[in-house]
>>> print(open('run_5.cif').read())   # mmCIF, C-alpha atoms and all ligand atoms
data_upload
loop_
_atom_site.label_atom_id
_atom_site.label_comp_id
_atom_site.auth_asym_id
_atom_site.auth_seq_id
_atom_site.Cartn_x
_atom_site.Cartn_y
_atom_site.Cartn_z
CA MET A 33 18.22 261.13 218.12
CA VAL A 34 22.02 261.06 218.16
CA ALA A 35 24.29 263.18 220.37
CA ASP A 36 27.02 265.23 218.70
CA GLU A 37 30.46 265.91 220.23
CA GLU A 38 28.97 268.79 222.30
CA GLY A 39 26.41 266.39 223.79
CA PHE A 40 23.30 267.81 222.05
CA LEU A 41 20.78 265.46 220.45
CA TYR A 42 19.94 265.79 216.74
CA PRO A 43 17.53 263.75 214.61
CA HIS A 44 19.19 261.06 212.56
CA VAL A 45 17.25 259.56 209.66
CA ASP A 46 17.72 255.83 209.09
CA GLU A 47 17.80 255.95 205.29
CA SER A 48 17.07 252.22 205.05
CA LYS A 49 13.70 252.77 206.76
CA CYS A 50 12.80 256.23 205.38
CA VAL A 51 9.82 256.12 202.97
CA ALA A 52 10.47 259.69 201.79
CA CYS A 53 7.06 260.97 202.94
CA ASN A 54 8.78 264.26 203.84
CA LEU A 55 6.59 264.60 206.93
CA CYS A 56 9.57 265.52 209.14
CA VAL A 57 10.19 268.55 206.92
CA LYS A 58 6.49 269.43 206.66
CA VAL A 59 5.99 269.55 210.45
CA CYS A 60 9.33 271.17 211.34
CA PRO A 61 8.45 274.39 213.23
CA ILE A 62 11.74 276.01 212.21
CA ILE A 63 11.41 275.37 208.48
CA ASN A 64 7.70 276.31 208.62
CA LYS A 65 8.00 279.27 210.96
CA LYS A 66 4.65 280.94 211.63
CA ALA A 67 4.34 284.72 211.83
CA GLU A 68 3.64 286.07 215.32
CA LYS A 69 0.16 287.57 215.64
CA ALA A 70 -1.10 289.59 218.59
CA PHE A 71 -4.17 288.46 220.57
CA PRO A 72 -5.68 289.35 223.99
CA GLN A 73 -3.75 287.99 226.98
CA LYS A 74 -4.17 288.04 230.75
CA ALA A 75 -1.26 288.35 233.14
CA PHE A 76 -0.62 287.65 236.82
CA VAL A 77 2.13 287.54 239.40
CA VAL A 78 1.71 284.37 241.46
CA GLN A 79 3.05 282.90 244.69
CA HIS A 80 2.02 279.45 245.93
CA ARG A 81 0.39 279.37 249.39
CA ASP A 82 2.10 276.09 250.35
CA GLU A 83 5.47 277.07 251.83
CA ALA A 84 7.12 273.70 251.06
CA ILE A 85 6.08 273.79 247.38
CA LEU A 86 7.17 277.43 247.14
CA ARG A 87 10.60 276.59 248.58
CA GLU A 88 11.14 273.73 246.10
CA SER A 89 9.98 275.75 243.09
CA THR A 90 12.23 277.95 241.00
CA SER A 91 10.12 281.07 241.37
CA GLY A 92 6.56 281.24 242.76
CA GLY A 93 5.36 277.67 242.18
CA ALA A 94 2.70 278.55 239.58
CA PHE A 95 3.63 275.41 237.63
CA SER A 96 2.68 273.19 240.60
CA ALA A 97 -0.72 274.86 241.03
CA ILE A 98 -1.57 274.37 237.34
CA ALA A 99 -0.26 270.79 237.35
CA LYS A 100 -2.36 269.95 240.42
CA TRP A 101 -5.49 271.22 238.63
CA VAL A 102 -4.76 268.67 235.87
CA LEU A 103 -4.01 265.78 238.24
CA ASP A 104 -7.22 266.51 240.21
CA ARG A 105 -9.12 265.78 236.98
CA ASN A 106 -7.38 262.43 236.39
CA GLY A 107 -4.96 263.94 233.93
CA VAL A 108 -1.24 263.34 233.51
CA VAL A 109 1.55 265.90 233.65
CA TYR A 110 4.69 265.81 231.48
CA GLY A 111 7.72 267.75 232.60
CA ALA A 112 11.51 267.69 232.88
CA GLY A 113 13.04 265.82 235.80
CA TYR A 114 16.02 263.58 236.53
CA ASP A 115 16.41 259.89 235.81
CA GLY A 116 18.32 257.80 238.36
CA HIS A 117 21.65 259.19 237.10
CA PHE A 118 20.73 262.90 237.04
CA LYS A 119 20.22 262.96 233.31
CA VAL A 120 17.44 265.45 232.50
CA ILE A 121 14.56 263.70 230.75
CA HIS A 122 10.87 264.31 230.05
CA PHE A 123 8.40 261.87 231.59
CA ALA A 124 4.83 261.72 232.90
CA VAL A 125 3.50 261.71 236.45
CA SER A 126 -0.07 261.08 237.55
CA ALA A 127 0.23 261.61 241.33
CA GLU A 128 0.65 264.93 243.12
CA SER A 129 3.29 263.39 245.38
CA GLU A 130 5.53 262.97 242.28
CA LEU A 131 5.28 266.58 241.07
CA TYR A 132 8.35 267.59 243.08
CA ARG A 133 10.44 265.84 240.40
CA PHE A 134 9.56 268.58 237.91
CA ARG A 135 9.95 271.49 240.28
CA ASN A 136 13.09 273.62 239.96
CA SER A 137 14.56 274.55 236.58
CA LYS A 138 17.23 272.25 235.21
CA TYR A 139 19.47 274.19 232.84
CA SER A 140 20.43 271.13 230.79
CA GLN A 141 18.55 270.13 227.66
CA SER A 142 16.00 267.43 228.38
CA ASP A 143 15.84 264.15 226.47
CA LYS A 144 12.24 263.70 225.31
CA GLY A 145 12.61 259.95 224.59
CA ASP A 146 9.29 258.58 223.28
CA CYS A 147 7.17 261.21 225.04
CA LEU A 148 5.69 262.79 221.93
CA ALA A 149 4.25 259.53 220.56
CA GLU A 150 3.07 258.60 224.05
CA ILE A 151 1.27 261.96 224.44
CA LYS A 152 -0.45 261.54 221.06
CA ASP A 153 -1.68 258.14 222.11
CA ARG A 154 -3.04 259.45 225.43
CA LEU A 155 -4.77 262.38 223.71
CA GLN A 156 -6.41 260.11 221.18
CA ARG A 157 -7.71 257.97 224.05
CA GLY A 158 -9.29 261.14 225.52
CA GLN A 159 -6.96 261.58 228.51
CA LEU A 160 -6.28 265.07 229.87
CA VAL A 161 -2.57 265.92 229.36
CA LEU A 162 -0.43 268.85 230.54
CA PHE A 163 2.88 269.19 228.72
CA SER A 164 5.44 271.59 230.23
CA GLY A 165 8.80 272.54 228.77
CA THR A 166 10.75 275.12 226.83
CA PRO A 167 8.99 277.05 224.02
CA CYS A 168 10.75 275.00 221.30
CA GLU A 169 9.59 271.76 222.97
CA VAL A 170 5.99 272.97 223.12
CA GLU A 171 5.98 274.13 219.50
CA GLY A 172 7.69 270.88 218.51
CA LEU A 173 4.93 268.87 220.19
CA LEU A 174 2.15 270.97 218.62
CA SER A 175 3.70 270.59 215.15
CA PHE A 176 4.10 266.85 215.64
CA LEU A 177 0.43 266.50 216.68
CA ALA A 178 -0.64 268.59 213.66
CA VAL A 179 -4.24 268.90 214.90
CA PRO A 180 -5.50 270.68 218.05
CA TYR A 181 -6.71 268.60 221.01
CA GLU A 182 -9.16 270.08 223.53
CA ASN A 183 -7.73 267.72 226.20
CA LEU A 184 -4.16 269.05 225.77
CA ILE A 185 -2.82 271.89 227.93
CA THR A 186 0.61 273.32 227.18
CA LEU A 187 2.83 275.39 229.43
CA ASP A 188 6.17 276.86 228.42
CA VAL A 189 8.76 278.92 230.26
CA VAL A 190 10.58 282.04 229.20
CA CYS A 191 13.85 280.36 228.36
CA HIS A 192 17.33 281.87 228.51
CA ALA A 193 18.71 278.78 226.69
CA VAL A 194 19.46 275.13 227.43
CA ALA A 195 22.93 273.87 228.31
CA SER A 196 24.77 270.83 226.98
CA PRO A 197 23.86 267.55 228.73
CA LEU A 198 27.51 266.50 228.21
CA VAL A 199 28.80 269.55 230.13
CA PHE A 200 26.29 268.85 232.92
CA ARG A 201 27.41 265.20 233.09
CA GLN A 202 31.09 266.22 233.22
CA TYR A 203 30.30 268.82 235.87
CA LEU A 204 28.63 266.20 238.09
CA ASP A 205 31.51 263.74 237.55
CA VAL A 206 34.03 266.40 238.60
CA GLN A 207 31.98 267.27 241.69
CA LYS A 208 31.74 263.58 242.65
CA GLN A 209 35.47 263.05 242.22
CA LYS A 210 36.31 266.13 244.28
CA ARG A 211 34.01 265.09 247.12
CA GLY A 212 34.66 261.36 246.88
CA SER A 213 30.98 260.65 247.48
CA GLY A 214 27.84 259.99 245.41
CA ILE A 215 25.37 262.78 244.67
CA VAL A 216 21.80 262.35 245.92
CA ASP A 217 20.23 265.66 244.86
CA VAL A 218 20.95 268.46 242.38
CA ARG A 219 19.09 271.77 242.34
CA PHE A 220 20.10 274.48 239.90
CA ARG A 221 18.02 277.19 241.54
CA GLU A 222 17.79 276.52 245.23
CA LYS A 223 16.62 279.47 247.34
CA HIS A 224 19.43 278.77 249.81
CA TYR A 225 20.42 282.44 250.11
CA GLY A 226 16.96 283.70 249.10
CA TYR A 227 15.18 283.83 245.75
CA SER A 228 17.09 286.54 243.94
CA TYR A 229 20.57 284.97 244.28
CA SER A 230 20.59 281.96 241.92
CA THR A 231 22.32 279.11 243.73
CA MET A 232 23.35 275.59 242.68
CA SER A 233 22.86 273.10 245.49
CA LEU A 234 24.20 269.55 245.61
CA ARG A 235 23.62 266.99 248.31
CA TRP A 236 26.00 264.09 248.77
CA ALA A 237 25.44 260.59 250.06
CA ASP A 238 27.63 261.45 253.08
CA HIS A 239 25.00 264.11 254.06
CA GLN A 240 27.25 267.04 253.15
CA GLU A 241 25.82 269.92 251.14
CA TYR A 242 27.22 272.30 248.52
CA HIS A 243 25.69 275.72 247.82
CA GLN A 244 27.46 278.01 245.36
CA GLY A 245 26.00 280.91 243.45
CA VAL A 246 26.23 282.26 239.90
CA ASP A 247 29.63 283.73 240.70
CA THR A 248 31.42 280.63 242.04
CA ASP A 249 29.64 277.58 240.60
CA VAL A 250 31.14 276.51 237.27
CA MET A 251 27.90 275.12 235.80
CA LEU A 252 25.88 278.27 236.53
CA ARG A 253 28.73 280.51 235.39
CA ALA A 254 29.11 278.68 232.08
CA PHE A 255 25.33 278.66 231.52
CA PHE A 256 24.73 282.35 232.20
CA ASP A 257 27.90 283.20 230.28
CA ASN A 258 26.33 281.62 227.15
CA MET A 259 29.33 279.30 226.88
CA VAL A 260 27.59 275.92 226.78
CA SER A 261 24.16 276.44 225.19
CA ARG A 262 22.73 274.59 222.21
CA PRO A 263 23.73 276.30 218.92
CA SER A 264 20.03 276.84 218.05
CA CYS A 265 19.58 278.88 221.26
CA TYR A 266 21.79 281.65 219.84
CA ALA A 267 19.16 282.23 217.11
CA CYS A 268 16.04 280.94 218.84
CA ALA A 269 12.99 280.69 216.60
CA PHE A 270 10.53 280.48 219.51
CA LYS A 271 11.19 283.54 221.63
CA LYS A 272 8.17 285.80 221.41
CA ARG A 273 5.35 287.25 223.47
CA TYR A 274 2.40 285.73 221.55
CA ARG A 275 2.85 281.96 221.79
CA PRO A 276 0.78 278.93 220.74
CA SER A 277 0.96 277.51 224.29
CA ASP A 278 -1.77 278.05 226.91
CA PHE A 279 0.54 279.39 229.63
CA THR A 280 3.96 281.06 229.73
CA LEU A 281 5.78 281.20 233.08
CA TRP A 282 8.88 283.04 234.16
CA ASP A 283 10.72 284.60 237.06
CA CYS A 284 9.62 287.78 238.78
CA PHE A 285 12.69 289.31 240.40
CA VAL A 286 10.99 292.72 240.27
CA VAL A 287 7.91 291.63 242.21
CA ASP A 288 7.97 294.86 244.29
CA GLN A 289 7.01 296.72 241.11
CA PHE A 290 3.79 294.70 240.83
CA CYS A 291 2.70 293.60 244.30
CA LYS A 292 4.26 294.63 247.61
CA GLU A 293 2.54 291.74 249.45
CA LEU A 294 4.53 289.14 247.48
CA ASP A 295 7.86 290.93 247.92
CA ASN A 296 9.33 288.56 250.52
CA GLU A 297 12.39 286.87 248.87
CA LYS A 298 10.39 283.59 248.65
CA GLY A 299 9.88 283.79 244.88
CA ALA A 300 7.12 284.82 242.50
CA THR A 301 6.17 283.57 239.03
CA ARG A 302 5.02 285.77 236.19
CA VAL A 303 2.18 284.00 234.37
CA LEU A 304 0.93 284.96 230.92
CA LEU A 305 -2.34 283.38 229.79
CA HIS A 306 -2.71 283.02 226.03
CA THR A 307 -6.00 281.14 225.63
CA GLU A 308 -9.56 280.89 226.95
CA LYS A 309 -8.63 277.40 228.18
CA ALA A 310 -5.82 278.86 230.30
CA MET A 311 -8.14 281.53 231.71
CA LYS A 312 -10.67 278.87 232.77
CA ILE A 313 -7.98 276.73 234.43
CA PHE A 314 -6.53 279.77 236.16
CA GLU A 315 -9.90 280.46 237.83
CA GLY A 316 -9.63 276.96 239.32
CA ILE A 317 -6.19 277.46 240.92
CA LYS A 318 -6.90 280.74 242.65
CA ASP A 319 -7.42 279.14 246.10
CA ASP A 320 -3.92 277.59 246.02
CA VAL A 321 -2.00 280.78 245.26
CA LYS A 322 -1.65 284.41 246.21
CA LEU A 323 -1.85 286.54 243.10
CA SER A 324 -2.00 289.97 241.63
CA GLU A 325 -3.40 290.75 238.17
CA VAL A 326 -1.23 293.00 236.03
CA SER A 327 -1.70 294.24 232.48
CA ALA A 328 0.00 291.90 229.98
CA ASP A 329 1.84 294.88 228.45
CA ARG A 330 3.28 295.79 231.83
CA LEU A 331 4.25 292.24 232.77
CA THR A 332 6.13 291.67 229.51
CA GLN A 333 7.73 295.10 229.31
CA ASN A 334 11.55 294.98 229.09
CA VAL A 335 11.64 291.16 229.35
CA ARG A 336 14.52 290.68 226.91
CA GLU A 337 14.78 286.91 227.34
CA MET A 338 11.18 286.55 226.19
CA SER A 339 11.96 287.77 222.69
CA CYS A 340 15.75 288.09 222.23
CA SER A 341 18.16 285.21 221.74
CA ILE A 342 21.26 284.97 223.88
CA SER A 343 24.44 286.56 222.54
CA THR A 344 27.30 284.39 221.36
CA ASN A 345 30.33 283.80 223.53
CA PRO A 346 33.52 284.13 221.45
CA LEU A 347 35.22 281.40 223.53
CA ARG A 348 32.49 278.78 223.04
CA GLU A 349 34.24 276.84 220.27
CA ASP A 350 37.54 276.76 222.20
CA PHE A 351 35.73 275.62 225.33
CA PHE A 352 34.12 272.59 223.64
CA SER A 353 37.33 271.73 221.83
CA ASP A 354 39.19 271.76 225.16
CA LEU A 355 36.43 269.79 226.91
CA ASN A 356 36.83 267.01 224.35
CA HIS A 357 40.62 266.92 224.71
CA MET A 358 41.37 267.89 228.30
CA ASN A 359 40.53 266.57 231.71
CA ALA A 360 37.12 268.15 232.49
CA GLU A 361 38.21 269.66 235.80
CA ASP A 362 41.20 271.37 234.15
CA CYS A 363 38.96 272.64 231.37
CA PHE A 364 36.42 274.12 233.82
CA HIS A 365 39.27 275.66 235.81
CA LYS A 366 40.84 277.16 232.66
CA TYR A 367 37.66 279.07 231.74
CA TYR A 368 36.14 279.55 235.19
CA PRO A 369 38.86 279.75 237.84
CA ILE A 370 37.86 280.70 241.37
CA SER A 371 39.52 284.09 241.17
CA LEU A 372 39.76 286.85 243.74
CA ARG A 373 37.06 288.66 241.74
CA SER A 374 34.56 285.79 241.99
CA VAL A 375 35.19 285.37 245.72
CA VAL A 376 34.80 289.11 246.36
CA GLU A 377 31.66 289.12 244.18
CA LYS A 378 30.16 286.33 246.27
CA ARG A 379 31.00 288.08 249.56
CA LEU A 380 29.42 291.29 248.29
CA ARG A 381 26.27 289.48 247.17
CA LEU A 382 25.92 287.83 250.57
CA PHE A 383 26.51 291.14 252.34
CA PHE A 384 23.87 292.94 250.26
CA LEU A 385 21.45 290.06 250.86
CA ARG A 386 22.01 290.24 254.61
CA VAL A 387 21.29 293.96 254.75
CA GLY A 388 18.23 293.51 252.48
CA VAL A 389 19.31 295.60 249.49
CA TYR A 390 20.56 292.84 247.15
CA LYS A 391 17.91 293.16 244.45
CA TYR A 392 18.24 296.95 244.28
CA VAL A 393 22.03 296.74 243.93
CA LYS A 394 21.66 294.06 241.21
CA ARG A 395 19.19 296.23 239.30
CA LEU A 396 21.45 299.26 239.58
CA ALA A 397 24.50 297.24 238.47
CA LYS A 398 22.59 295.97 235.43
CA LYS A 399 21.74 299.54 234.46
CA LEU A 400 25.26 300.84 235.01
CA ILE A 401 27.47 298.10 233.60
CA GLY A 402 25.09 296.23 231.30
CA ARG A 403 22.98 293.11 231.41
CA ARG A 404 25.55 290.80 229.78
CA THR A 405 28.07 291.23 232.58
CA VAL A 406 25.73 291.02 235.59
CA ARG A 407 24.69 287.46 236.31
CA ARG A 408 21.31 286.64 237.88
C1 LIG B 501 16.10 275.99 230.70
C2 LIG B 501 15.33 277.09 231.37
C3 LIG B 501 15.70 278.43 231.17
C4 LIG B 501 14.97 279.46 231.78
N1 LIG B 501 15.34 280.77 231.57
C5 LIG B 501 14.64 281.78 232.16
C6 LIG B 501 15.01 283.15 231.96
O1 LIG B 501 15.97 283.45 231.25
N2 LIG B 501 14.27 284.11 232.57
C7 LIG B 501 13.20 283.82 233.36
O2 LIG B 501 12.58 284.74 233.90
N3 LIG B 501 12.82 282.54 233.57
C8 LIG B 501 13.51 281.52 232.99
N4 LIG B 501 13.12 280.20 233.18
C9 LIG B 501 11.86 279.94 233.91
C10 LIG B 501 12.02 279.91 235.43
O3 LIG B 501 13.26 279.37 235.79
C11 LIG B 501 10.90 279.04 236.08
O4 LIG B 501 10.82 277.79 235.44
C12 LIG B 501 9.57 279.66 235.98
O5 LIG B 501 9.62 280.91 236.66
C13 LIG B 501 8.47 278.79 236.59
O6 LIG B 501 8.71 278.63 237.94
P1 LIG B 501 7.70 277.91 238.92
O7 LIG B 501 8.21 278.16 240.30
O8 LIG B 501 6.31 278.32 238.60
O9 LIG B 501 7.82 276.40 238.47
P2 LIG B 501 8.83 275.23 238.85
O10 LIG B 501 8.21 274.41 239.92
O11 LIG B 501 10.16 275.69 239.03
O12 LIG B 501 8.64 274.32 237.54
C14 LIG B 501 9.63 274.05 236.67
C15 LIG B 501 9.03 273.86 235.29
O13 LIG B 501 10.10 273.94 234.37
C16 LIG B 501 10.16 272.76 233.59
N5 LIG B 501 11.57 272.47 233.36
C17 LIG B 501 12.55 272.36 234.27
N6 LIG B 501 13.71 272.08 233.67
C18 LIG B 501 13.45 271.99 232.35
C19 LIG B 501 14.24 271.69 231.21
N7 LIG B 501 15.55 271.41 231.28
N8 LIG B 501 13.64 271.66 230.01
C20 LIG B 501 12.31 271.91 229.89
N9 LIG B 501 11.53 272.22 230.93
C21 LIG B 501 12.09 272.26 232.15
C22 LIG B 501 9.44 271.68 234.38
O14 LIG B 501 8.91 270.70 233.52
C23 LIG B 501 8.35 272.52 235.05
O15 LIG B 501 7.30 272.72 234.15
C24 LIG B 501 13.85 279.15 232.60
C25 LIG B 501 13.49 277.80 232.81
C26 LIG B 501 14.22 276.79 232.20
C27 LIG B 501 13.79 275.35 232.41
#
>>> encode(input="run_5.cif", output="structure tokens", more="lines below")
Ligand SMILES: Cc1cc2nc3c(=O)[nH]c(=O)nc-3n(C[C@H](O)[C@H](O)[C@H](O)COP(=O)(O)OP(=O)(O)OC[C@H]3O[C@@H](n4cnc5c(N)ncnc54)[C@H](O)[C@@H]3O)c2cc1C
Amino acid sequence: MVADEEGFLYPHVDESKCVACNLCVKVCPIINKKAEKAFPQKAFVVQHRDEAILRESTSGGAFSAIAKWVLDRNGVVYGAGYDGHFKVIHFAVSAESELYRFRNSKYSQSDKGDCLAEIKDRLQRGQLVLFSGTPCEVEGLLSFLAVPYENLITLDVVCHAVASPLVFRQYLDVQKQKRGSGIVDVRFREKHYGYSYSTMSLRWADHQEYHQGVDTDVMLRAFFDNMVSRPSCYACAFKKRYRPSDFTLWDCFVVDQFCKELDNEKGATRVLLHTEKAMKIFEGIKDDVKLSEVSADRLTQNVREMSCSISTNPLREDFFSDLNHMNAEDCFHKYYPISLRSVVEKRLRLFFLRVGVYKYVKRLAKKLIGRRTVRR
């Protein structure tokens, strides 16, 4: 896999080693796109009972409950976490104490390294494996494996898009330079101001902390503005309701519409179960979570990001051209200055949060001025 000038990895065929078997084309899930077929599904809204796990998780911590079920049966869990330099990569963990590394969404595309071959090997040796990732990663794995494995469980997320690892790297470098200290933790979706206000949190070696929301943090702004996503995300081939995975997980900002008991600003996950295997596993996690069953039609209603690709940003090409020619901080400032508007927006968000009406105002704003212009 070789990174292009935007920082996204693409397969590169070493012609001197290629035996022209054409297998890469035969298993490609984009070239061989399968038609979506409806089948019975079950749906739940979930909130983890463990307050610490819930706080660390992006939404309701459903991923951790499912992953624990696998680890309790001597399985391994693959997910996206950071390496020692905050590069997002996929790797395996086999201890519950390591699961925190996968918690919290990282909006940068993950490097899968040799995971796919490693997973195939484990499956063939009969080990129980949970693979979690974006829908394209799950379909990529299933195509690569070619045959079904009873000991494989797959979990995908409803995915807005993935951002450029190069932009994320530059963002962290700029933050480090500005602070003059090393970074020890990065969380894209910390519940610092509550669940419904997406906040980027950084922790520095000098014990200082940074918490900025979707209106003032450059990385979150660029991501939700569709400025820095992978070109394939603008015409995603994997967004759909009926998926080949076992589980699909996503945010539930409208939890009050499904279950008043879980409406507490701590986060809730929407969980869609696609297979009998998922339904059996779900029975086994019920003690670890609070949940409410909902009809699958209701849970998926009006979830645009489940089936619609993100819209293009007309400035995307200019942004990447500038990023490759300008100082990164100047480039970020050119496209995402801290303007009076962003500061006022932040103050308003915090005010509405304090008086407890934030989510209603956000919903109303989305209706009145359109989804594209209201960030999460
Ligand atoms: C790139 C991305 C975009 C998303 N977009 C949306 C959206 O538009 N709307 C929505 O409702 N929900 C979206 N989600 C899903 C949401 O953010 C939560 O992941 C989901 O609600 C599950 O939360 P949890 O608390 O149960 O799990 P958590 O404990 O938060 O678990 C996180 C899970 O996400 C996986 N993950 C984290 N980062 C990556 C990554 N870079 N690549 C692949 N997998 C990753 C981990 O492996 C783990 O399985 C997105 C997630 C990601 C990763």
>>> axis_aligned_box(input="run_5.cif", around="ligand LIG 501 (chain B)", padding_each_side="4 Å", output="AutoDock Vina command-line options")
--center_x 11.2 --center_y 277.7 --center_z 235.1 --size_x 17.8 --size_y 22.0 --size_z 18.4
>>> atom_distance(input="run_5.cif", atom1="CA of Ala195 (chain A)", atom2="CA of Lys271 (chain A)")
16.6 Å
>>> residues_near_ligand(input="run_5.cif", ligand="ligand LIG 501 (chain B)", cutoff="8 Å", atoms="only C-alpha atoms and all ligand atoms", output="PyMOL selection string")
chain A and resi 85-86+88-96+110-113+120-122+132+134-142+163-166+169+187-195+221+281-285+299-302+335+337-338
>>> closest_residue(input="run_5.cif", among="A:Ala397, A:Ala124, A:Leu55, A:Ile370", to="Gly145 (chain A)", atoms="only C-alpha atoms")
A:Ala124
>>> atom_distance(input="run_5.cif", atom1="CA of Thr307 (chain A)", atom2="CA of Asp278 (chain A)")
5.4 Å
>>> residues_around(input="run_5.cif", residues="region 153-160 of chain A", least_positions_apart="4", cutoff="9 Å", atoms="all atoms listed in the file", output="NGL selection string")
:A and (102-103 or 105-109 or 148-149 or 181-185)
>>> atom_distance(input="run_5.cif", atom1="CA of Val59 (chain A)", atom2="CA of Glu171 (chain A)")
10.1 Å
>>> residues_around(input="run_5.cif", residues="Ile342 (chain A)", least_positions_apart="6", cutoff="12 Å", atoms="only C-alpha atoms", output="PyMOL selection string")
chain A and resi 191-194+255-269+271+336+403-404
>>> write_last_selection(input="run_5.cif", atoms="C-alpha atoms", output="tab-separated table (two decimals), in the coordinates of the input")
chain	number	residue	atom	x	y	z
A	191	CYS	CA	13.85	280.36	228.36
A	192	HIS	CA	17.33	281.87	228.51
A	193	ALA	CA	18.71	278.78	226.69
A	194	VAL	CA	19.46	275.13	227.43
A	255	PHE	CA	25.33	278.66	231.52
A	256	PHE	CA	24.73	282.35	232.20
A	257	ASP	CA	27.90	283.20	230.28
A	258	ASN	CA	26.33	281.62	227.15
A	259	MET	CA	29.33	279.30	226.88
A	260	VAL	CA	27.59	275.92	226.78
A	261	SER	CA	24.16	276.44	225.19
A	262	ARG	CA	22.73	274.59	222.21
A	263	PRO	CA	23.73	276.30	218.92
A	264	SER	CA	20.03	276.84	218.05
A	265	CYS	CA	19.58	278.88	221.26
A	266	TYR	CA	21.79	281.65	219.84
A	267	ALA	CA	19.16	282.23	217.11
A	268	CYS	CA	16.04	280.94	218.84
A	269	ALA	CA	12.99	280.69	216.60
A	271	LYS	CA	11.19	283.54	221.63
A	336	ARG	CA	14.52	290.68	226.91
A	403	ARG	CA	22.98	293.11	231.41
A	404	ARG	CA	25.55	290.80	229.78
